Amino acid sequence: MAGDNVLVEFFKLIYTILFSILESIFYCFVSKKEKSVTDEIALVTGAGSGIGRLIAIELSKRGCILLLLDINPVSLEETASIIRNSKGKSYKYVCDLSIRQNIHDTMAKIAKDIGDVDILINNAGIVTGKSILDASDEEIEKTLDINLMAHFWLIRSVLPSMLARNHGHIVTIASVAGLAGINKMTDYSASKFGAVGLDDSLRQEIIHLNKTGVKTTCICPYYINTGMFHGVKTKFPKITPILKPEYVSHKIVKAILTDQVILVIPKIIHLLLMLKSLLPTRGFQAVCDFFEVNKDMASFRGRRGNM
Ligand SMILES: NC(=O)c1ccc[n+]([C@@H]2O[C@H](COP(=O)([O-])OP(=O)(O)OC[C@H]3O[C@@H](n4cnc5c(N)ncnc54)[C@H](O)[C@@H]3O)[C@@H](O)[C@H]2O)c1
């Protein structure tokens with residue numbers, strides 16, 4: 001009878017929810033087993049600096065063969081030479097991620113020279129730090145092209161072989177700005193909300209296809225001291241500190257190796273996001289005002305001249 005089936009499904013649902021809660025509590029105390037990535041081909045965008053470089057170096061130490069992609073050939077070579085000096089293996093690709101054809105050409109070259117990508121890390125990103133009226137049309141478009149559209153073109157390039165082999169990992173470097181909006185970040189935040197949505201929906205597509213060997217990880221960090229958000233200040237640095245790049249990249253690699261679905265750092269941000277969901281709008285605005293989040297970008301300088 002249909003009613004019996006619904007009852008069975010309902011009890012299965014309750015069982016799975018309870019099991020998932022117990023499992024989460026268990027993993028608060030016990031570290032998850034890390035998977036091996038030896039000889040895996042890992043493509044990192046924005047590998048020329050910041051956390052992209054650090055993730056590439058750490059994955060190389062874990063035995064990955066790195067495909068380093070960046071617009072800047074000088075910083076790209078610096079990353080490659082660091083990897084070389086520690087006996088790692090990498091290939092450099094100069095590519096402007098704001099140009100779709102440039103991405104297609106680079107991926108065709110990778111397919112021909114190297115083969116299938118096992119781990120894709122969509123990391124490259126830019127920020128204008130300008131209000132919606134101060135940013136030019138071109139700046140807004142470029143932010144969305146690099147921070148979001150490039151993810152589509154790269155994922156569409158590597159996903160077919162991942163699905164065919166039922167093996168792969170797609171990592172989205174988003175931001176806390178992809179979970180909550182902030183003054184002077186309309187373009188950046190829109191691109192990061194888009195990246196978070198892309199990751200979430202992609203994961204559902206993969207689950208629907210029952211490709212259990214293809215994983216996704218979405219990373220949402222708070223400000224990191226890489227230079228991208230140079231000048232930004234937070235009101236309570238003890239509660240919401242500007243993060244160290246080495247700490248963030250270490251956490252990211254750990255999340256990849258343990259197939260973590262989403263990583264929000266620091267953990268305190270979870271509490272703020274919970275308040276965003278639970279409180280009335282005015283109540284959450286009061287929390288934002290208390291933390292003076294809309295003043296964070298007042299002293300922003302960023303990487304002047306990267307646009
Ligand atoms: N720094 C932060 O506070 C912070 C916080 C949250 C999320 N993030 C995200 O983390 C990622 C890495 O940030 P980061 O702080 O290491 O930045 P970064 O500026 O140090 O590095 C970004 C890299 O992307 C490259 N890049 C820029 N435009 C490109 C293009 N058109 N084509 C190819 N490569 C291009 C740059 O050359 C650079 O090497 C970004 O997606 C960023 O949005 C950063």
# chains A, B, ... in the order shown; residues from 1 in each chain; ligands from 1
$ closest_atom_pairs --of "chain A" --to "ligand 1" --cutoff "8 Å" --atoms "only C-alpha atoms and all ligand atoms" --output "CSV"
residue,atom,partner,partner_atom_place_in_ligand_line,distance
A:Thr45,CA,ligand 1,34 (N),6.2
A:Gly46,CA,ligand 1,24 (O),3.4
A:Ala47,CA,ligand 1,39 (O),5.5
A:Gly48,CA,ligand 1,39 (O),3.9
A:Ser49,CA,ligand 1,39 (O),4.1
A:Gly50,CA,ligand 1,16 (O),3.3
A:Ile51,CA,ligand 1,16 (O),4.0
A:Gly52,CA,ligand 1,16 (O),5.5
A:Arg53,CA,ligand 1,16 (O),7.6
A:Leu69,CA,ligand 1,33 (C),6.6
A:Asp70,CA,ligand 1,34 (N),3.9
A:Ile71,CA,ligand 1,33 (C),4.0
A:Asn72,CA,ligand 1,37 (O),5.1
A:Ser75,CA,ligand 1,39 (O),6.9
A:Leu76,CA,ligand 1,39 (O),7.5
A:Val94,CA,ligand 1,33 (C),7.4
A:Cys95,CA,ligand 1,33 (C),5.5
A:Asp96,CA,ligand 1,32 (N),3.7
A:Leu97,CA,ligand 1,32 (N),3.8
A:Ser98,CA,ligand 1,31 (N),4.8
A:Ile99,CA,ligand 1,31 (N),7.6
A:Asn122,CA,ligand 1,41 (O),7.4
A:Asn123,CA,ligand 1,41 (O),4.6
A:Ala124,CA,ligand 1,24 (O),3.8
A:Gly125,CA,ligand 1,41 (O),3.6
A:Ile126,CA,ligand 1,27 (C),5.7
A:Val127,CA,ligand 1,43 (O),7.0
A:Lys142,CA,ligand 1,31 (N),7.8
A:Ile146,CA,ligand 1,31 (N),5.8
A:Asn147,CA,ligand 1,41 (O),6.3
A:Ile173,CA,ligand 1,41 (O),5.4
A:Ala174,CA,ligand 1,7 (C),5.6
A:Ser175,CA,ligand 1,7 (C),4.1
A:Val176,CA,ligand 1,6 (C),6.4
A:Ala177,CA,ligand 1,6 (C),7.3
A:Tyr188,CA,ligand 1,43 (O),7.7
A:Lys192,CA,ligand 1,43 (O),7.5
A:Ile219,CA,ligand 1,7 (C),7.9
A:Cys220,CA,ligand 1,6 (C),6.3
A:Pro221,CA,ligand 1,6 (C),4.5
A:Tyr222,CA,ligand 1,5 (C),5.1
A:Tyr223,CA,ligand 1,3 (O),3.3
A:Ile224,CA,ligand 1,3 (O),3.6
A:Asn225,CA,ligand 1,1 (N),5.9
A:Thr226,CA,ligand 1,15 (O),4.7
A:Gly227,CA,ligand 1,20 (O),6.0
A:Met228,CA,ligand 1,19 (O),4.5
A:Phe229,CA,ligand 1,3 (O),5.2
A:Ile242,CA,ligand 1,3 (O),7.6
A:Leu243,CA,ligand 1,3 (O),7.7
A:Pro245,CA,ligand 1,16 (O),7.7
A:Arg303,CA,ligand 1,19 (O),6.9
A:Asn306,CA,ligand 1,27 (C),7.3
A:Met307,CA,ligand 1,28 (N),7.8
$ select_by_dssp --residues "region 57-102 of chain A" --states "helix (DSSP H, G or I)" --output "mmCIF file with all heavy atoms, in the first residue's frame"
data_model
loop_
_atom_site.group_PDB
_atom_site.id
_atom_site.type_symbol
_atom_site.label_atom_id
_atom_site.label_comp_id
_atom_site.auth_asym_id
_atom_site.auth_seq_id
_atom_site.Cartn_x
_atom_site.Cartn_y
_atom_site.Cartn_z
ATOM 1 N N ILE A 57 51.382 23.970 -3.792
ATOM 2 C CA ILE A 57 52.600 23.458 -3.137
ATOM 3 C C ILE A 57 52.240 22.287 -2.214
ATOM 4 O O ILE A 57 52.900 21.245 -2.212
ATOM 5 C CB ILE A 57 53.322 24.586 -2.360
ATOM 6 C CG1 ILE A 57 53.862 25.631 -3.348
ATOM 7 C CG2 ILE A 57 54.440 24.037 -1.482
ATOM 8 C CD1 ILE A 57 54.361 26.911 -2.707
ATOM 9 N N GLU A 58 51.152 22.470 -1.442
ATOM 10 C CA GLU A 58 50.779 21.408 -0.485
ATOM 11 C C GLU A 58 50.317 20.147 -1.226
ATOM 12 O O GLU A 58 50.658 19.030 -0.823
ATOM 13 C CB GLU A 58 49.703 21.921 0.475
ATOM 14 C CG GLU A 58 49.542 20.999 1.662
ATOM 15 C CD GLU A 58 49.120 21.687 2.952
ATOM 16 O OE1 GLU A 58 49.315 22.907 3.100
ATOM 17 O OE2 GLU A 58 48.588 20.971 3.819
ATOM 18 N N LEU A 59 49.582 20.317 -2.322
ATOM 19 C CA LEU A 59 49.134 19.128 -3.072
ATOM 20 C C LEU A 59 50.316 18.424 -3.726
ATOM 21 O O LEU A 59 50.339 17.206 -3.850
ATOM 22 C CB LEU A 59 48.091 19.519 -4.126
ATOM 23 C CG LEU A 59 46.679 19.785 -3.611
ATOM 24 C CD1 LEU A 59 45.769 20.196 -4.752
ATOM 25 C CD2 LEU A 59 46.094 18.563 -2.895
ATOM 26 N N SER A 60 51.305 19.228 -4.143
ATOM 27 C CA SER A 60 52.517 18.642 -4.728
ATOM 28 C C SER A 60 53.238 17.781 -3.692
ATOM 29 O O SER A 60 53.706 16.676 -3.995
ATOM 30 C CB SER A 60 53.420 19.761 -5.248
ATOM 31 O OG SER A 60 54.712 19.283 -5.426
ATOM 32 N N LYS A 61 53.291 18.284 -2.457
ATOM 33 C CA LYS A 61 53.932 17.501 -1.384
ATOM 34 C C LYS A 61 53.184 16.195 -1.135
ATOM 35 O O LYS A 61 53.747 15.224 -0.646
ATOM 36 C CB LYS A 61 53.965 18.323 -0.082
ATOM 37 C CG LYS A 61 55.015 19.421 -0.115
ATOM 38 C CD LYS A 61 55.077 20.149 1.205
ATOM 39 C CE LYS A 61 55.979 21.378 1.093
ATOM 40 N NZ LYS A 61 55.614 22.414 2.036
ATOM 41 N N PRO A 73 52.668 35.323 -15.900
ATOM 42 C CA PRO A 73 53.704 34.306 -16.150
ATOM 43 C C PRO A 73 54.842 34.338 -15.130
ATOM 44 O O PRO A 73 55.433 33.298 -14.826
ATOM 45 C CB PRO A 73 54.224 34.668 -17.550
ATOM 46 C CG PRO A 73 53.754 36.041 -17.833
ATOM 47 C CD PRO A 73 52.573 36.329 -16.968
ATOM 48 N N VAL A 74 55.139 35.526 -14.586
ATOM 49 C CA VAL A 74 56.271 35.648 -13.646
ATOM 50 C C VAL A 74 55.964 34.931 -12.340
ATOM 51 O O VAL A 74 56.741 34.090 -11.860
ATOM 52 C CB VAL A 74 56.611 37.147 -13.397
ATOM 53 C CG1 VAL A 74 57.744 37.282 -12.397
ATOM 54 C CG2 VAL A 74 56.944 37.837 -14.712
ATOM 55 N N SER A 75 54.791 35.241 -11.769
ATOM 56 C CA SER A 75 54.441 34.604 -10.489
ATOM 57 C C SER A 75 54.165 33.096 -10.681
ATOM 58 O O SER A 75 54.420 32.292 -9.788
ATOM 59 C CB SER A 75 53.246 35.297 -9.837
ATOM 60 O OG SER A 75 52.136 35.255 -10.689
ATOM 61 N N LEU A 76 53.699 32.765 -11.882
ATOM 62 C CA LEU A 76 53.455 31.350 -12.202
ATOM 63 C C LEU A 76 54.774 30.570 -12.148
ATOM 64 O O LEU A 76 54.858 29.475 -11.574
ATOM 65 C CB LEU A 76 52.846 31.275 -13.608
ATOM 66 C CG LEU A 76 52.065 30.037 -14.016
ATOM 67 C CD1 LEU A 76 50.976 29.706 -13.026
ATOM 68 C CD2 LEU A 76 51.449 30.244 -15.394
ATOM 69 N N GLU A 77 55.826 31.163 -12.744
ATOM 70 C CA GLU A 77 57.140 30.515 -12.737
ATOM 71 C C GLU A 77 57.675 30.397 -11.307
ATOM 72 O O GLU A 77 58.305 29.409 -10.957
ATOM 73 C CB GLU A 77 58.111 31.293 -13.648
ATOM 74 C CG GLU A 77 59.575 30.879 -13.592
ATOM 75 C CD GLU A 77 59.821 29.358 -13.685
ATOM 76 O OE1 GLU A 77 59.028 28.639 -14.319
ATOM 77 O OE2 GLU A 77 60.826 28.896 -13.081
ATOM 78 N N GLU A 78 57.380 31.414 -10.462
ATOM 79 C CA GLU A 78 57.832 31.344 -9.060
ATOM 80 C C GLU A 78 57.215 30.119 -8.368
ATOM 81 O O GLU A 78 57.902 29.371 -7.682
ATOM 82 C CB GLU A 78 57.425 32.619 -8.306
ATOM 83 C CG GLU A 78 58.352 33.796 -8.577
ATOM 84 C CD GLU A 78 57.779 35.116 -8.059
ATOM 85 O OE1 GLU A 78 56.800 35.095 -7.279
ATOM 86 O OE2 GLU A 78 58.303 36.166 -8.465
ATOM 87 N N THR A 79 55.922 29.920 -8.586
ATOM 88 C CA THR A 79 55.253 28.748 -7.972
ATOM 89 C C THR A 79 55.866 27.460 -8.520
ATOM 90 O O THR A 79 56.173 26.539 -7.761
ATOM 91 C CB THR A 79 53.730 28.769 -8.261
ATOM 92 O OG1 THR A 79 53.192 30.017 -7.856
ATOM 93 C CG2 THR A 79 53.014 27.641 -7.542
ATOM 94 N N ALA A 80 56.057 27.427 -9.847
ATOM 95 C CA ALA A 80 56.613 26.212 -10.475
ATOM 96 C C ALA A 80 57.998 25.923 -9.920
ATOM 97 O O ALA A 80 58.340 24.762 -9.667
ATOM 98 C CB ALA A 80 56.668 26.383 -11.989
ATOM 99 N N SER A 81 58.796 26.991 -9.707
ATOM 100 C CA SER A 81 60.170 26.756 -9.232
ATOM 101 C C SER A 81 60.168 26.275 -7.774
ATOM 102 O O SER A 81 60.986 25.444 -7.398
ATOM 103 C CB SER A 81 61.043 27.992 -9.448
ATOM 104 O OG SER A 81 61.208 28.709 -8.280
ATOM 105 N N ILE A 82 59.226 26.765 -6.965
ATOM 106 C CA ILE A 82 59.123 26.269 -5.575
ATOM 107 C C ILE A 82 58.810 24.766 -5.605
ATOM 108 O O ILE A 82 59.406 23.968 -4.883
ATOM 109 C CB ILE A 82 58.031 27.035 -4.781
ATOM 110 C CG1 ILE A 82 58.394 28.509 -4.641
ATOM 111 C CG2 ILE A 82 57.828 26.410 -3.384
ATOM 112 C CD1 ILE A 82 57.279 29.393 -4.091
ATOM 113 N N ILE A 83 57.904 24.379 -6.492
ATOM 114 C CA ILE A 83 57.514 22.960 -6.589
ATOM 115 C C ILE A 83 58.690 22.124 -7.101
ATOM 116 O O ILE A 83 58.983 21.047 -6.575
ATOM 117 C CB ILE A 83 56.255 22.805 -7.492
ATOM 118 C CG1 ILE A 83 55.047 23.406 -6.775
ATOM 119 C CG2 ILE A 83 56.001 21.339 -7.862
ATOM 120 C CD1 ILE A 83 53.759 23.406 -7.558
ATOM 121 N N ARG A 84 59.385 22.678 -8.116
ATOM 122 C CA ARG A 84 60.566 21.983 -8.666
ATOM 123 C C ARG A 84 61.614 21.737 -7.588
ATOM 124 O O ARG A 84 62.157 20.648 -7.459
ATOM 125 C CB ARG A 84 61.188 22.841 -9.774
ATOM 126 C CG ARG A 84 61.233 22.154 -11.099
ATOM 127 C CD ARG A 84 61.956 22.906 -12.182
ATOM 128 N NE ARG A 84 62.247 24.301 -12.023
ATOM 129 C CZ ARG A 84 61.496 25.298 -12.511
ATOM 130 N NH1 ARG A 84 60.379 25.045 -13.167
ATOM 131 N NH2 ARG A 84 61.857 26.556 -12.348
ATOM 132 N N ASN A 85 61.871 22.803 -6.780
ATOM 133 C CA ASN A 85 62.913 22.708 -5.752
ATOM 134 C C ASN A 85 62.584 21.685 -4.677
ATOM 135 O O ASN A 85 63.471 21.224 -3.966
ATOM 136 C CB ASN A 85 63.144 24.074 -5.103
ATOM 137 C CG ASN A 85 63.812 25.019 -6.083
ATOM 138 O OD1 ASN A 85 64.409 24.570 -7.072
ATOM 139 N ND2 ASN A 85 63.693 26.320 -5.843
ATOM 140 N N ARG A 100 36.753 33.479 -22.457
ATOM 141 C CA ARG A 100 36.288 32.083 -22.579
ATOM 142 C C ARG A 100 37.122 31.286 -23.584
ATOM 143 O O ARG A 100 37.503 30.149 -23.317
ATOM 144 C CB ARG A 100 34.808 32.070 -22.965
ATOM 145 C CG ARG A 100 34.254 30.674 -23.088
ATOM 146 C CD ARG A 100 32.738 30.629 -23.016
ATOM 147 N NE ARG A 100 32.094 31.774 -23.603
ATOM 148 C CZ ARG A 100 31.242 31.720 -24.643
ATOM 149 N NH1 ARG A 100 30.975 30.568 -25.213
ATOM 150 N NH2 ARG A 100 30.657 32.798 -25.091
ATOM 151 N N GLN A 101 37.432 31.896 -24.731
ATOM 152 C CA GLN A 101 38.173 31.163 -25.762
ATOM 153 C C GLN A 101 39.571 30.782 -25.261
ATOM 154 O O GLN A 101 40.087 29.708 -25.593
ATOM 155 C CB GLN A 101 38.267 31.996 -27.054
ATOM 156 C CG GLN A 101 38.758 31.212 -28.267
ATOM 157 C CD GLN A 101 37.940 29.938 -28.516
ATOM 158 O OE1 GLN A 101 36.717 29.958 -28.501
ATOM 159 N NE2 GLN A 101 38.620 28.803 -28.720
ATOM 160 N N ASN A 102 40.148 31.679 -24.461
ATOM 161 C CA ASN A 102 41.469 31.416 -23.876
ATOM 162 C C ASN A 102 41.404 30.160 -22.982
ATOM 163 O O ASN A 102 42.316 29.319 -22.989
ATOM 164 C CB ASN A 102 41.868 32.645 -23.048
ATOM 165 C CG ASN A 102 43.357 32.890 -23.036
ATOM 166 O OD1 ASN A 102 43.842 33.799 -22.392
ATOM 167 N ND2 ASN A 102 44.115 32.085 -23.723
#
$ residues_around --residues "Val293 (chain A)" --least-positions-apart "2" --cutoff "12 Å" --atoms "only C-alpha atoms" --output "number ranges by chain"
A: 177, 180-185, 222-223, 232-237, 240, 272, 284-291, 295-298
$ residues_around --residues "Gly213 (chain A)" --least-positions-apart "5" --cutoff "9 Å" --atoms "only C-alpha atoms" --output "PyMOL selection string"
chain A and resi 162-163+165-169
$ write_last_selection --atoms "C-alpha atoms" --output "mmCIF file, in the first residue's frame"
data_model
loop_
_atom_site.group_PDB
_atom_site.id
_atom_site.type_symbol
_atom_site.label_atom_id
_atom_site.label_comp_id
_atom_site.auth_asym_id
_atom_site.auth_seq_id
_atom_site.Cartn_x
_atom_site.Cartn_y
_atom_site.Cartn_z
ATOM 1 C CA MET A 162 35.357 12.536 -14.373
ATOM 2 C CA LEU A 163 31.829 11.153 -14.819
ATOM 3 C CA ARG A 165 35.699 7.358 -14.935
ATOM 4 C CA ASN A 166 33.513 7.930 -11.841
ATOM 5 C CA HIS A 167 36.542 9.615 -10.338
ATOM 6 C CA GLY A 168 37.373 13.241 -9.662
ATOM 7 C CA HIS A 169 37.043 16.231 -7.384
#
$ decode --residues "region 118-129 of chain A" --atoms "all heavy atoms" --output "PDB file, in the first residue's frame"
ATOM      1  N   ASP A 118      42.139  15.167 -12.629  1.00  0.00           N
ATOM      2  CA  ASP A 118      41.472  14.457 -11.528  1.00  0.00           C
ATOM      3  C   ASP A 118      40.896  15.414 -10.492  1.00  0.00           C
ATOM      4  O   ASP A 118      39.855  15.155  -9.895  1.00  0.00           O
ATOM      5  CB  ASP A 118      42.471  13.519 -10.818  1.00  0.00           C
ATOM      6  CG  ASP A 118      43.017  12.461 -11.759  1.00  0.00           C
ATOM      7  OD1 ASP A 118      42.205  11.720 -12.336  1.00  0.00           O
ATOM      8  OD2 ASP A 118      44.254  12.405 -11.956  1.00  0.00           O
ATOM      9  N   ILE A 119      41.650  16.510 -10.246  1.00  0.00           N
ATOM     10  CA  ILE A 119      41.190  17.480  -9.236  1.00  0.00           C
ATOM     11  C   ILE A 119      41.217  18.868  -9.878  1.00  0.00           C
ATOM     12  O   ILE A 119      42.274  19.302 -10.368  1.00  0.00           O
ATOM     13  CB  ILE A 119      42.109  17.476  -7.982  1.00  0.00           C
ATOM     14  CG1 ILE A 119      42.229  16.067  -7.389  1.00  0.00           C
ATOM     15  CG2 ILE A 119      41.609  18.459  -6.932  1.00  0.00           C
ATOM     16  CD1 ILE A 119      43.283  15.937  -6.288  1.00  0.00           C
ATOM     17  N   LEU A 120      40.077  19.541  -9.889  1.00  0.00           N
ATOM     18  CA  LEU A 120      40.017  20.907 -10.426  1.00  0.00           C
ATOM     19  C   LEU A 120      39.787  21.858  -9.262  1.00  0.00           C
ATOM     20  O   LEU A 120      38.810  21.692  -8.520  1.00  0.00           O
ATOM     21  CB  LEU A 120      38.866  21.037 -11.432  1.00  0.00           C
ATOM     22  CG  LEU A 120      38.481  22.477 -11.825  1.00  0.00           C
ATOM     23  CD1 LEU A 120      39.620  23.166 -12.582  1.00  0.00           C
ATOM     24  CD2 LEU A 120      37.204  22.491 -12.659  1.00  0.00           C
ATOM     25  N   ILE A 121      40.670  22.835  -9.111  1.00  0.00           N
ATOM     26  CA  ILE A 121      40.481  23.813  -8.034  1.00  0.00           C
ATOM     27  C   ILE A 121      40.265  25.188  -8.655  1.00  0.00           C
ATOM     28  O   ILE A 121      41.199  25.837  -9.139  1.00  0.00           O
ATOM     29  CB  ILE A 121      41.682  23.796  -7.055  1.00  0.00           C
ATOM     30  CG1 ILE A 121      41.816  22.377  -6.481  1.00  0.00           C
ATOM     31  CG2 ILE A 121      41.474  24.822  -5.943  1.00  0.00           C
ATOM     32  CD1 ILE A 121      43.030  22.141  -5.651  1.00  0.00           C
ATOM     33  N   ASN A 122      39.023  25.610  -8.684  1.00  0.00           N
ATOM     34  CA  ASN A 122      38.657  26.923  -9.214  1.00  0.00           C
ATOM     35  C   ASN A 122      38.934  27.951  -8.130  1.00  0.00           C
ATOM     36  O   ASN A 122      38.100  28.213  -7.259  1.00  0.00           O
ATOM     37  CB  ASN A 122      37.166  26.931  -9.596  1.00  0.00           C
ATOM     38  CG  ASN A 122      36.947  26.434 -11.003  1.00  0.00           C
ATOM     39  OD1 ASN A 122      37.683  26.790 -11.930  1.00  0.00           O
ATOM     40  ND2 ASN A 122      35.925  25.605 -11.188  1.00  0.00           N
ATOM     41  N   ASN A 123      40.146  28.527  -8.184  1.00  0.00           N
ATOM     42  CA  ASN A 123      40.583  29.400  -7.104  1.00  0.00           C
ATOM     43  C   ASN A 123      40.742  30.868  -7.516  1.00  0.00           C
ATOM     44  O   ASN A 123      40.479  31.762  -6.722  1.00  0.00           O
ATOM     45  CB  ASN A 123      41.918  28.862  -6.557  1.00  0.00           C
ATOM     46  CG  ASN A 123      42.668  29.902  -5.748  1.00  0.00           C
ATOM     47  OD1 ASN A 123      42.303  30.191  -4.614  1.00  0.00           O
ATOM     48  ND2 ASN A 123      43.705  30.501  -6.338  1.00  0.00           N
ATOM     49  N   ALA A 124      41.157  31.129  -8.769  1.00  0.00           N
ATOM     50  CA  ALA A 124      41.471  32.512  -9.165  1.00  0.00           C
ATOM     51  C   ALA A 124      40.286  33.428  -8.903  1.00  0.00           C
ATOM     52  O   ALA A 124      39.133  33.036  -9.089  1.00  0.00           O
ATOM     53  CB  ALA A 124      41.849  32.562 -10.642  1.00  0.00           C
ATOM     54  N   GLY A 125      40.593  34.624  -8.455  1.00  0.00           N
ATOM     55  CA  GLY A 125      39.515  35.575  -8.200  1.00  0.00           C
ATOM     56  C   GLY A 125      40.052  36.986  -8.140  1.00  0.00           C
ATOM     57  O   GLY A 125      41.248  37.208  -7.918  1.00  0.00           O
ATOM     58  N   ILE A 126      39.168  37.961  -8.382  1.00  0.00           N
ATOM     59  CA  ILE A 126      39.540  39.369  -8.248  1.00  0.00           C
ATOM     60  C   ILE A 126      38.436  40.094  -7.483  1.00  0.00           C
ATOM     61  O   ILE A 126      37.326  39.573  -7.362  1.00  0.00           O
ATOM     62  CB  ILE A 126      39.761  40.064  -9.623  1.00  0.00           C
ATOM     63  CG1 ILE A 126      38.497  39.970 -10.498  1.00  0.00           C
ATOM     64  CG2 ILE A 126      40.963  39.493 -10.349  1.00  0.00           C
ATOM     65  CD1 ILE A 126      38.529  40.901 -11.701  1.00  0.00           C
ATOM     66  N   VAL A 127      38.766  41.282  -6.983  1.00  0.00           N
ATOM     67  CA  VAL A 127      37.764  42.085  -6.279  1.00  0.00           C
ATOM     68  C   VAL A 127      37.997  43.555  -6.636  1.00  0.00           C
ATOM     69  O   VAL A 127      39.142  43.998  -6.695  1.00  0.00           O
ATOM     70  CB  VAL A 127      37.830  41.842  -4.750  1.00  0.00           C
ATOM     71  CG1 VAL A 127      39.184  42.186  -4.144  1.00  0.00           C
ATOM     72  CG2 VAL A 127      36.729  42.586  -4.021  1.00  0.00           C
ATOM     73  N   THR A 128      36.903  44.289  -6.888  1.00  0.00           N
ATOM     74  CA  THR A 128      37.057  45.720  -7.192  1.00  0.00           C
ATOM     75  C   THR A 128      37.053  46.528  -5.898  1.00  0.00           C
ATOM     76  O   THR A 128      37.714  47.551  -5.802  1.00  0.00           O
ATOM     77  CB  THR A 128      35.902  46.242  -8.080  1.00  0.00           C
ATOM     78  OG1 THR A 128      34.667  46.095  -7.363  1.00  0.00           O
ATOM     79  CG2 THR A 128      35.825  45.520  -9.397  1.00  0.00           C
ATOM     80  N   GLY A 129      36.252  46.096  -4.939  1.00  0.00           N
ATOM     81  CA  GLY A 129      36.129  46.833  -3.678  1.00  0.00           C
ATOM     82  C   GLY A 129      35.385  48.155  -3.872  1.00  0.00           C
ATOM     83  O   GLY A 129      35.530  49.074  -3.072  1.00  0.00           O
TER      84      GLY A 129
END
